[in-house]
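J.: File model_21.json follows (JSON, C-alpha atoms):
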```json
[["chain", "number", "residue", "atom", "x", "y", "z"],
["L", 1, "MET", "CA", 91.28, 112.09, 103.21],
["L", 2, "ALA", "CA", 89.75, 113.42, 106.43],
["L", 3, "THR", "CA", 87.86, 116.69, 106.26],
["L", 4, "LYS", "CA", 86.27, 118.86, 108.89],
["L", 5, "SER", "CA", 82.70, 119.58, 107.93],
["L", 6, "THR", "CA", 79.17, 118.73, 108.95],
["L", 7, "SER", "CA", 76.53, 116.59, 107.36],
["L", 8, "GLY", "CA", 75.12, 118.21, 104.27],
["L", 9, "THR", "CA", 78.19, 120.25, 103.34],
["L", 10, "ARG", "CA", 79.72, 117.46, 101.28],
["L", 11, "ASP", "CA", 78.21, 114.28, 99.94],
["L", 12, "THR", "CA", 80.13, 111.16, 100.84],
["L", 13, "ILE", "CA", 80.70, 108.89, 97.87],
["L", 14, "ARG", "CA", 79.07, 105.56, 98.70],
["L", 15, "ASP", "CA", 80.41, 103.09, 96.19],
["L", 16, "HIS", "CA", 80.38, 99.34, 96.76],
["L", 17, "GLY", "CA", 81.42, 96.11, 95.15],
["L", 18, "GLY", "CA", 78.87, 93.65, 93.84],
["L", 19, "ASP", "CA", 77.07, 96.11, 91.56],
["L", 20, "LEU", "CA", 76.45, 93.74, 88.67],
["L", 21, "ALA", "CA", 73.71, 96.01, 87.33],
["L", 22, "SER", "CA", 76.39, 98.54, 86.37],
["L", 23, "ALA", "CA", 78.55, 95.80, 84.92],
["L", 24, "MET", "CA", 75.71, 94.48, 82.75],
["L", 25, "ALA", "CA", 74.75, 98.00, 81.65],
["L", 26, "ARG", "CA", 78.29, 98.57, 80.35],
["L", 27, "PHE", "CA", 79.25, 95.15, 79.01],
["L", 28, "GLY", "CA", 76.02, 93.21, 78.58],
["L", 29, "GLY", "CA", 75.18, 89.70, 79.63],
["L", 30, "ALA", "CA", 72.90, 88.35, 82.33],
["L", 31, "ALA", "CA", 73.86, 88.05, 85.99],
["L", 32, "GLY", "CA", 74.62, 84.35, 85.56],
["L", 33, "ASP", "CA", 77.19, 85.16, 82.86],
["L", 34, "TRP", "CA", 79.37, 87.14, 85.24],
["L", 35, "LEU", "CA", 82.24, 86.20, 87.53],
["L", 36, "ASP", "CA", 81.95, 88.79, 90.29],
["L", 37, "LEU", "CA", 85.36, 89.52, 91.83],
["L", 38, "SER", "CA", 84.36, 93.01, 93.01],
["L", 39, "THR", "CA", 83.64, 91.95, 96.60],
["L", 40, "GLY", "CA", 85.66, 90.39, 99.40],
["L", 41, "ILE", "CA", 83.18, 87.60, 100.06],
["L", 42, "ASN", "CA", 84.49, 84.05, 100.44],
["L", 43, "PRO", "CA", 83.59, 82.37, 97.11],
["L", 44, "LEU", "CA", 83.31, 78.92, 98.73],
["L", 45, "PRO", "CA", 80.86, 79.58, 101.58],
["L", 46, "PHE", "CA", 80.08, 77.61, 104.68],
["L", 47, "ARG", "CA", 77.75, 74.75, 103.85],
["L", 48, "VAL", "CA", 74.35, 75.73, 105.23],
["L", 49, "PRO", "CA", 72.80, 73.05, 107.48],
["L", 50, "GLU", "CA", 69.15, 72.14, 107.36],
["L", 51, "VAL", "CA", 67.08, 74.77, 109.11],
["L", 52, "SER", "CA", 64.27, 73.72, 111.40],
["L", 53, "ALA", "CA", 60.67, 74.32, 110.38],
["L", 54, "ARG", "CA", 60.17, 76.31, 113.58],
["L", 55, "ALA", "CA", 62.91, 78.76, 112.60],
["L", 56, "TRP", "CA", 60.96, 79.62, 109.45],
["L", 57, "ALA", "CA", 57.49, 79.69, 110.95],
["L", 58, "ALA", "CA", 57.85, 81.22, 114.42],
["L", 59, "LEU", "CA", 59.28, 84.40, 115.84],
["L", 60, "PRO", "CA", 62.92, 83.94, 116.90],
["L", 61, "CYS", "CA", 62.99, 82.45, 120.38],
["L", 62, "ALA", "CA", 65.20, 83.55, 123.25],
["L", 63, "ASP", "CA", 66.94, 80.17, 123.49],
["L", 64, "ALA", "CA", 68.12, 80.41, 119.87],
["L", 65, "GLN", "CA", 69.35, 83.95, 120.42],
["L", 66, "HIS", "CA", 71.27, 82.93, 123.54],
["L", 67, "ALA", "CA", 72.77, 79.93, 121.72],
["L", 68, "LEU", "CA", 74.07, 82.16, 118.93],
["L", 69, "ILE", "CA", 75.58, 84.67, 121.38],
["L", 70, "ASP", "CA", 77.23, 81.84, 123.33],
["L", 71, "ALA", "CA", 78.76, 80.52, 120.09],
["L", 72, "ALA", "CA", 79.97, 84.01, 119.18],
["L", 73, "ARG", "CA", 81.59, 84.46, 122.60],
["L", 74, "GLN", "CA", 83.32, 81.09, 122.29],
["L", 75, "PHE", "CA", 84.57, 81.87, 118.78],
["L", 76, "TRP", "CA", 85.88, 85.41, 119.34],
["L", 77, "GLN", "CA", 86.80, 85.17, 123.03],
["L", 78, "PRO", "CA", 86.19, 88.82, 123.98],
["L", 79, "PRO", "CA", 86.61, 89.96, 127.60],
["L", 80, "THR", "CA", 83.88, 88.64, 129.86],
["L", 81, "GLU", "CA", 82.67, 92.16, 130.61],
["L", 82, "ALA", "CA", 81.98, 92.85, 126.92],
["L", 83, "ALA", "CA", 78.41, 92.45, 125.69],
["L", 84, "ILE", "CA", 77.54, 90.83, 122.34],
["L", 85, "LEU", "CA", 74.61, 91.71, 120.08],
["L", 86, "ALA", "CA", 73.65, 89.91, 116.87],
["L", 87, "VAL", "CA", 72.47, 92.37, 114.21],
["L", 88, "PRO", "CA", 70.80, 92.04, 110.79],
["L", 89, "GLY", "CA", 74.00, 92.71, 108.88],
["L", 90, "LEU", "CA", 76.68, 95.20, 109.89],
["L", 91, "SER", "CA", 75.23, 97.91, 107.65],
["L", 92, "ALA", "CA", 72.30, 98.28, 110.04],
["L", 93, "ALA", "CA", 74.65, 98.66, 113.01],
["L", 94, "ILE", "CA", 76.96, 101.10, 111.20],
["L", 95, "ALA", "CA", 74.00, 103.33, 110.35],
["L", 96, "ALA", "CA", 72.77, 103.33, 113.96],
["L", 97, "ILE", "CA", 76.00, 103.66, 115.96],
["L", 98, "PRO", "CA", 76.47, 107.45, 115.46],
["L", 99, "ARG", "CA", 73.09, 108.01, 117.14],
["L", 100, "LEU", "CA", 73.96, 106.10, 120.31],
["L", 101, "VAL", "CA", 75.90, 108.99, 121.90],
["L", 102, "ALA", "CA", 75.80, 112.78, 121.71],
["L", 103, "ARG", "CA", 77.16, 113.93, 118.36],
["L", 104, "SER", "CA", 80.64, 115.35, 118.37],
["L", 105, "SER", "CA", 83.66, 114.98, 116.09],
["L", 106, "ILE", "CA", 85.24, 111.74, 114.97],
["L", 107, "ASP", "CA", 88.37, 110.66, 113.14],
["L", 108, "ILE", "CA", 87.86, 108.11, 110.33],
["L", 109, "PRO", "CA", 91.30, 107.61, 108.78],
["L", 110, "GLY", "CA", 91.01, 106.95, 105.07],
["L", 111, "PRO", "CA", 90.82, 105.85, 102.44],
["L", 112, "THR", "CA", 88.59, 103.19, 103.97],
["L", 113, "TYR", "CA", 85.12, 101.66, 103.88],
["L", 114, "ASN", "CA", 82.90, 104.62, 103.08],
["L", 115, "GLU", "CA", 79.73, 103.68, 104.99],
["L", 116, "HIS", "CA", 81.24, 104.77, 108.31],
["L", 117, "GLU", "CA", 81.78, 108.36, 107.20],
["L", 118, "ALA", "CA", 78.40, 108.43, 105.48],
["L", 119, "ALA", "CA", 76.66, 107.29, 108.67],
["L", 120, "PHE", "CA", 78.38, 109.81, 110.93],
["L", 121, "ARG", "CA", 77.77, 112.67, 108.50],
["L", 122, "ALA", "CA", 74.11, 111.73, 108.27],
["L", 123, "ALA", "CA", 73.90, 111.95, 112.07],
["L", 124, "GLY", "CA", 75.46, 115.41, 112.10],
["L", 125, "TRP", "CA", 78.96, 114.55, 113.34],
["L", 126, "TYR", "CA", 82.10, 116.43, 112.32],
["L", 127, "ILE", "CA", 84.74, 114.39, 110.49],
["L", 128, "ASP", "CA", 88.02, 115.59, 112.00],
["L", 129, "ALA", "CA", 91.46, 113.99, 111.78],
["L", 130, "GLY", "CA", 92.29, 115.43, 115.21],
["L", 131, "ALA", "CA", 89.31, 113.93, 117.05],
["L", 132, "VAL", "CA", 89.73, 111.51, 119.94],
["L", 133, "ASN", "CA", 86.64, 109.54, 118.93],
["L", 134, "ARG", "CA", 87.69, 107.22, 116.15],
["L", 135, "VAL", "CA", 86.65, 104.58, 113.64],
["L", 136, "VAL", "CA", 89.31, 102.19, 112.38],
["L", 137, "VAL", "CA", 88.79, 99.39, 109.89],
["L", 138, "HIS", "CA", 91.11, 96.56, 110.94],
["L", 139, "PRO", "CA", 92.37, 95.23, 108.60],
["L", 140, "ASN", "CA", 91.59, 98.20, 106.43],
["L", 141, "ASN", "CA", 89.51, 97.96, 103.29],
["L", 142, "PRO", "CA", 90.95, 98.21, 100.65],
["L", 143, "ASP", "CA", 94.68, 98.13, 101.53],
["L", 144, "GLY", "CA", 94.72, 95.67, 104.44],
["L", 145, "ARG", "CA", 96.42, 98.05, 106.87],
["L", 146, "LEU", "CA", 96.50, 96.82, 110.48],
["L", 147, "TRP", "CA", 96.07, 99.27, 113.34],
["L", 148, "ASP", "CA", 98.12, 99.29, 116.53],
["L", 149, "ARG", "CA", 96.04, 99.27, 119.70],
["L", 150, "ALA", "CA", 97.83, 102.48, 120.71],
["L", 151, "ALA", "CA", 95.85, 104.24, 117.95],
["L", 152, "LEU", "CA", 92.71, 103.90, 120.06],
["L", 153, "ALA", "CA", 92.96, 106.17, 123.07],
["L", 154, "PRO", "CA", 90.12, 106.14, 125.64],
["L", 155, "ALA", "CA", 87.20, 108.03, 124.12],
["L", 156, "GLN", "CA", 83.44, 108.42, 124.23],
["L", 157, "LEU", "CA", 83.29, 106.23, 121.12],
["L", 158, "SER", "CA", 85.87, 103.95, 119.52],
["L", 159, "VAL", "CA", 84.66, 101.74, 116.67],
["L", 160, "ILE", "CA", 86.85, 98.88, 115.47],
["L", 161, "ASP", "CA", 85.51, 97.32, 112.27],
["L", 162, "GLU", "CA", 86.92, 93.80, 112.01],
["L", 163, "SER", "CA", 84.78, 92.70, 109.06],
["L", 164, "PHE", "CA", 87.79, 91.03, 107.43],
["L", 165, "CYS", "CA", 89.80, 89.99, 110.50],
["L", 166, "ASP", "CA", 88.54, 86.43, 110.82],
["L", 167, "VAL", "CA", 91.01, 85.31, 108.15],
["L", 168, "ALA", "CA", 93.79, 86.14, 110.64],
["L", 169, "PRO", "CA", 92.40, 86.02, 114.19],
["L", 170, "GLU", "CA", 95.86, 86.56, 115.67],
["L", 171, "ASN", "CA", 95.55, 90.18, 114.53],
["L", 172, "SER", "CA", 92.23, 90.80, 116.28],
["L", 173, "LEU", "CA", 91.81, 93.64, 118.78],
["L", 174, "ALA", "CA", 88.94, 91.83, 120.48],
["L", 175, "ASP", "CA", 90.63, 92.20, 123.86],
["L", 176, "LEU", "CA", 89.86, 95.94, 123.67],
["L", 177, "ALA", "CA", 86.11, 95.25, 123.59],
["L", 178, "GLY", "CA", 85.99, 95.38, 127.37],
["L", 179, "ARG", "CA", 86.89, 99.08, 127.45],
["L", 180, "PRO", "CA", 84.23, 101.79, 127.94],
["L", 181, "GLY", "CA", 83.21, 103.36, 124.64],
["L", 182, "VAL", "CA", 84.55, 100.55, 122.45],
["L", 183, "LEU", "CA", 82.42, 98.75, 119.85],
["L", 184, "LEU", "CA", 83.99, 95.91, 117.89],
["L", 185, "LEU", "CA", 82.21, 95.00, 114.66],
["L", 186, "LYS", "CA", 82.25, 91.49, 113.22],
["L", 187, "SER", "CA", 80.88, 90.57, 109.81],
["L", 188, "PHE", "CA", 79.44, 87.14, 109.12],
["L", 189, "GLY", "CA", 78.97, 87.45, 105.37],
["L", 190, "LYS", "CA", 82.62, 87.91, 104.43],
["L", 191, "PHE", "CA", 84.58, 85.02, 105.98],
["L", 192, "TRP", "CA", 81.70, 82.53, 106.00],
["L", 193, "GLY", "CA", 80.61, 83.66, 102.54],
["L", 194, "LEU", "CA", 76.93, 84.07, 103.44],
["L", 195, "ALA", "CA", 76.36, 87.77, 102.83],
["L", 196, "GLY", "CA", 72.73, 87.17, 101.90],
["L", 197, "LEU", "CA", 71.99, 85.89, 105.40],
["L", 198, "ARG", "CA", 72.38, 89.48, 106.71],
["L", 199, "LEU", "CA", 74.05, 88.69, 110.01],
["L", 200, "GLY", "CA", 76.68, 90.57, 111.96],
["L", 201, "PHE", "CA", 77.82, 91.12, 115.53],
["L", 202, "VAL", "CA", 78.62, 94.11, 117.72],
["L", 203, "ILE", "CA", 80.82, 93.41, 120.76],
["L", 204, "GLY", "CA", 81.78, 95.89, 123.44],
["L", 205, "ASP", "CA", 80.64, 98.43, 126.00],
["L", 206, "PRO", "CA", 77.45, 96.96, 127.55],
["L", 207, "GLU", "CA", 75.70, 100.35, 127.75],
["L", 208, "LEU", "CA", 76.32, 101.09, 124.07],
["L", 209, "VAL", "CA", 75.42, 97.56, 123.02],
["L", 210, "GLU", "CA", 72.19, 97.77, 125.02],
["L", 211, "ALA", "CA", 71.36, 101.11, 123.39],
["L", 212, "LEU", "CA", 71.99, 99.64, 119.96],
["L", 213, "GLY", "CA", 69.72, 96.70, 120.78],
["L", 214, "GLN", "CA", 66.96, 99.10, 121.81],
["L", 215, "HIS", "CA", 67.43, 101.00, 118.57],
["L", 216, "LEU", "CA", 67.11, 97.86, 116.43],
["L", 217, "GLY", "CA", 64.06, 96.60, 118.31],
["L", 218, "PRO", "CA", 62.91, 93.05, 119.07],
["L", 219, "TRP", "CA", 63.83, 90.10, 116.82],
["L", 220, "PRO", "CA", 66.45, 91.90, 114.71],
["L", 221, "VAL", "CA", 67.89, 88.58, 113.50],
["L", 222, "SER", "CA", 65.76, 85.96, 111.77],
["L", 223, "GLY", "CA", 65.29, 82.44, 113.10],
["L", 224, "PRO", "CA", 67.17, 80.84, 110.17],
["L", 225, "ALA", "CA", 70.08, 83.25, 110.65],
["L", 226, "LEU", "CA", 70.24, 82.35, 114.35],
["L", 227, "GLU", "CA", 70.51, 78.64, 113.58],
["L", 228, "ILE", "CA", 72.92, 78.94, 110.66],
["L", 229, "GLY", "CA", 75.11, 81.44, 112.48],
["L", 230, "ARG", "CA", 75.40, 79.21, 115.55],
["L", 231, "ALA", "CA", 76.35, 76.20, 113.42],
["L", 232, "ALA", "CA", 79.00, 78.17, 111.53],
["L", 233, "LEU", "CA", 80.56, 79.76, 114.60],
["L", 234, "SER", "CA", 80.75, 76.34, 116.26],
["L", 235, "ASP", "CA", 82.64, 74.72, 113.37],
["L", 236, "PHE", "CA", 86.25, 75.51, 114.30],
["L", 237, "ALA", "CA", 87.66, 72.91, 111.89],
["L", 238, "TRP", "CA", 85.94, 74.56, 108.92],
["L", 239, "ALA", "CA", 87.29, 77.96, 109.97],
["L", 240, "GLU", "CA", 90.86, 76.70, 110.22],
["L", 241, "GLU", "CA", 90.79, 74.89, 106.89],
["L", 242, "THR", "CA", 89.19, 77.91, 105.23],
["L", 243, "ARG", "CA", 91.94, 80.21, 106.48],
["L", 244, "LYS", "CA", 94.58, 77.95, 104.98],
["L", 245, "ARG", "CA", 92.76, 77.78, 101.64],
["L", 246, "LEU", "CA", 92.21, 81.52, 101.45],
["L", 247, "MET", "CA", 95.86, 82.23, 102.19],
["L", 248, "ALA", "CA", 96.97, 79.87, 99.43],
["L", 249, "ASP", "CA", 94.46, 81.29, 96.96],
["L", 250, "ALA", "CA", 95.49, 84.87, 97.73],
["L", 251, "GLY", "CA", 99.07, 83.94, 96.88],
["L", 252, "ARG", "CA", 97.89, 82.29, 93.67],
["L", 253, "LEU", "CA", 96.00, 85.44, 92.67],
["L", 254, "ASP", "CA", 99.06, 87.58, 93.38],
["L", 255, "GLY", "CA", 101.12, 85.33, 91.13],
["L", 256, "ILE", "CA", 98.67, 85.70, 88.25],
["L", 257, "MET", "CA", 98.35, 89.46, 88.59],
["L", 258, "THR", "CA", 102.02, 90.29, 89.07],
["L", 259, "SER", "CA", 102.91, 88.15, 86.07],
["L", 260, "LYS", "CA", 100.71, 90.47, 84.01],
["L", 261, "GLY", "CA", 102.40, 93.64, 85.29],
["L", 262, "ALA", "CA", 100.33, 94.50, 88.39],
["L", 263, "THR", "CA", 102.00, 95.52, 91.64],
["L", 264, "LEU", "CA", 100.58, 94.32, 94.94],
["L", 265, "VAL", "CA", 99.53, 97.20, 97.21],
["L", 266, "GLY", "CA", 98.00, 95.13, 100.01],
["L", 267, "GLY", "CA", 94.76, 93.52, 101.08],
["L", 268, "THR", "CA", 93.68, 90.45, 103.02],
["L", 269, "SER", "CA", 93.31, 86.83, 101.99],
["L", 270, "LEU", "CA", 89.72, 87.65, 100.95],
["L", 271, "PHE", "CA", 90.63, 90.50, 98.59],
["L", 272, "ARG", "CA", 93.80, 91.85, 96.99],
["L", 273, "LEU", "CA", 94.60, 95.42, 95.98],
["L", 274, "TYR", "CA", 96.85, 96.12, 93.01],
["L", 275, "ASP", "CA", 98.44, 99.11, 91.33],
["L", 276, "VAL", "CA", 97.80, 98.47, 87.65],
["L", 277, "GLY", "CA", 98.65, 101.89, 86.18],
["L", 278, "SER", "CA", 95.25, 102.46, 84.58],
["L", 279, "ALA", "CA", 92.53, 100.79, 86.65],
["L", 280, "ALA", "CA", 89.84, 101.76, 84.15],
["L", 281, "GLU", "CA", 91.65, 99.99, 81.31],
["L", 282, "TRP", "CA", 92.05, 96.82, 83.37],
["L", 283, "GLN", "CA", 88.41, 96.88, 84.43],
["L", 284, "GLN", "CA", 87.38, 97.27, 80.81],
["L", 285, "ARG", "CA", 89.58, 94.34, 79.75],
["L", 286, "LEU", "CA", 88.08, 92.13, 82.43],
["L", 287, "GLY", "CA", 84.58, 93.46, 81.82],
["L", 288, "ARG", "CA", 84.67, 92.38, 78.19],
["L", 289, "ALA", "CA", 85.18, 88.85, 79.54],
["L", 290, "HIS", "CA", 82.29, 89.38, 81.99],
["L", 291, "ILE", "CA", 84.56, 89.50, 85.03],
["L", 292, "TRP", "CA", 83.71, 92.34, 87.42],
["L", 293, "SER", "CA", 86.36, 94.15, 89.46],
["L", 294, "ARG", "CA", 86.42, 97.03, 91.93],
["L", 295, "LEU", "CA", 87.65, 100.56, 91.29],
["L", 296, "PHE", "CA", 87.87, 103.44, 93.79],
["L", 297, "PRO", "CA", 86.92, 107.10, 93.35],
["L", 298, "TYR", "CA", 90.13, 108.29, 95.05],
["L", 299, "SER", "CA", 92.62, 106.39, 92.87],
["L", 300, "ASP", "CA", 92.79, 105.82, 89.12],
["L", 301, "ARG", "CA", 95.55, 103.23, 89.59],
["L", 302, "TRP", "CA", 94.06, 100.84, 92.15],
["L", 303, "LEU", "CA", 92.15, 97.71, 91.19],
["L", 304, "ARG", "CA", 90.76, 95.35, 93.84],
["L", 305, "LEU", "CA", 89.93, 91.72, 93.16],
["L", 306, "GLY", "CA", 88.27, 89.09, 95.28],
["L", 307, "LEU", "CA", 89.19, 85.43, 94.92],
["L", 308, "PRO", "CA", 87.92, 83.11, 92.21],
["L", 309, "GLY", "CA", 86.32, 79.98, 93.62],
["L", 310, "THR", "CA", 86.16, 77.06, 91.19],
["L", 311, "PRO", "CA", 88.91, 75.81, 88.85],
["L", 312, "ASP", "CA", 86.87, 77.16, 85.92],
["L", 313, "ASP", "CA", 86.79, 80.60, 87.55],
["L", 314, "TRP", "CA", 90.57, 80.63, 87.94],
["L", 315, "ALA", "CA", 91.07, 79.60, 84.32],
["L", 316, "ARG", "CA", 88.61, 82.23, 83.17],
["L", 317, "LEU", "CA", 90.47, 85.01, 84.98],
["L", 318, "ALA", "CA", 93.85, 83.92, 83.69],
["L", 319, "GLY", "CA", 92.47, 83.76, 80.17],
["L", 320, "ALA", "CA", 90.94, 87.23, 80.36],
["L", 321, "LEU", "CA", 94.28, 88.72, 81.40]]
```
Mind converting the file's structure to structure tokens?

T.:
Amino acid sequence: MATKSTSGTRDTIRDHGGDLASAMARFGGAAGDWLDLSTGINPLPFRVPEVSARAWAALPCADAQHALIDAARQFWQPPTEAAILAVPGLSAAIAAIPRLVARSSIDIPGPTYNEHEAAFRAAGWYIDAGAVNRVVVHPNNPDGRLWDRAALAPAQLSVIDESFCDVAPENSLADLAGRPGVLLLKSFGKFWGLAGLRLGFVIGDPELVEALGQHLGPWPVSGPALEIGRAALSDFAWAEETRKRLMADAGRLDGIMTSKGATLVGGTSLFRLYDVGSAAEWQQRLGRAHIWSRLFPYSDRWLRLGLPGTPDDWARLAGAL
């Protein structure tokens, strides 16, 4: 999947889950009629606590920012020398990271989350499978591949995207965040199920993290996001129970899909990837029942599904298949 070319010589396909507008254009219905299984977002999100009036009315204060970073450090336990920055969703950080160092060449093993390649191409980097600089998505989206730490040699820039790793923290490479050149990315929207909050974290090389903070400017994260994020990261019991539930539900989804002829390719406990022979035919079958799924431009056989949430959602999926 890797190619060696510069920005502008080839457009990177930037497809995403959650595009209900396309679903409705093809199969009708209003947004409320659809069961969206095209993303890997936890369908039973963290219960949002009451947000203070000050968080809505005032600029985010330093104390709230420090409290969130302290909670993040306690939750992920990176090396003490690693810096942590809260960002307004990981997309903002991914777009900015290629501009933090002098452009060069970078390896982005694929197929994987396409925004990384798009961002580096836009910044004029070469995409080269032989480059020392590297981006790895760990676990990989969409197949759930885990990377060995040996795959990340010392480099000017090593990006480890752990957007889906909080379902299995024992697999985290957070201990590498103390190395020069390393940036570890943590999503908040996926595991905690609050994608609309637009919150993420970058952990790693203090110089790079500082440069990213300067790029994003003051108050990148809203006051409500600071309060909600701190509460969620401090609730270890919720995280543990959620991991157990997601693991059980992923197994349940595998049972339903394999009983209908699908073959499990991989994934995480937030999304599952199946070989279904003709992905377009399966998406059409589900789409007629107003259930949205995820296809990929590089495979006509792969179908990715997120997890249903409520008992009615599970029954609806089983009935559509």

J.: Can you pull out the residues contacting L:Trp219? Cut-off 10 Å, using only C-alpha atoms, and skip same-chain residues under 6 positions away; I want them as an MDAnalysis selection string.

T.: chainID L and resid 59:62 65 86:88 213

J.: From the list L:Leu295, L:Ala315, L:Ala96, L:Leu233, which residue is nearest L:Asp70 when using all atoms listed in the file?

T.: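 Closest to L:Asp70 of all the choices is L:Leu233.
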
J.: Within 12 Å of L:Ala239, counting only C-alpha atoms, which residues qualify if same-chain residues fewer than 3 places away don't, as an MDAnalysis selection string?

T.: chainID L and resid 42 44:47 75 166:169 191:193 231:236 242:246

J.: Pick out the closest residue to L:Ala25 from this set: L:Arg294, L:Arg288, L:Arg316, L:Arg149. Count all atoms listed in the file.

T.: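 Ranked by minimum distance to L:Ala25, first place goes to L:Arg288.
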
J.: Could you tell me which of L:Lys260, L:Arg103, L:Arg230, L:Arg252 comes closest to L:Trp125 if we count only C-alpha atoms?

T.: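 Looking only at the distances to L:Trp125, the closest residue turns out to be L:Arg103.
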
J.: Would you please work out which residue, of L:Arg134, L:Ile228, L:Asp175, L:Pro109, is nearest to L:Leu194 when using only C-alpha atoms?

T.: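 Between L:Arg134, L:Ile228, L:Asp175, L:Pro109, the residue approaching L:Leu194 most closely is L:Ile228.
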
J.: Skip L:Gly277 itself and residues of its chain fewer than 3 positions away, then list as a count of residues only all residues within 9 Å of it, counting only C-alpha atoms.

T.: 6
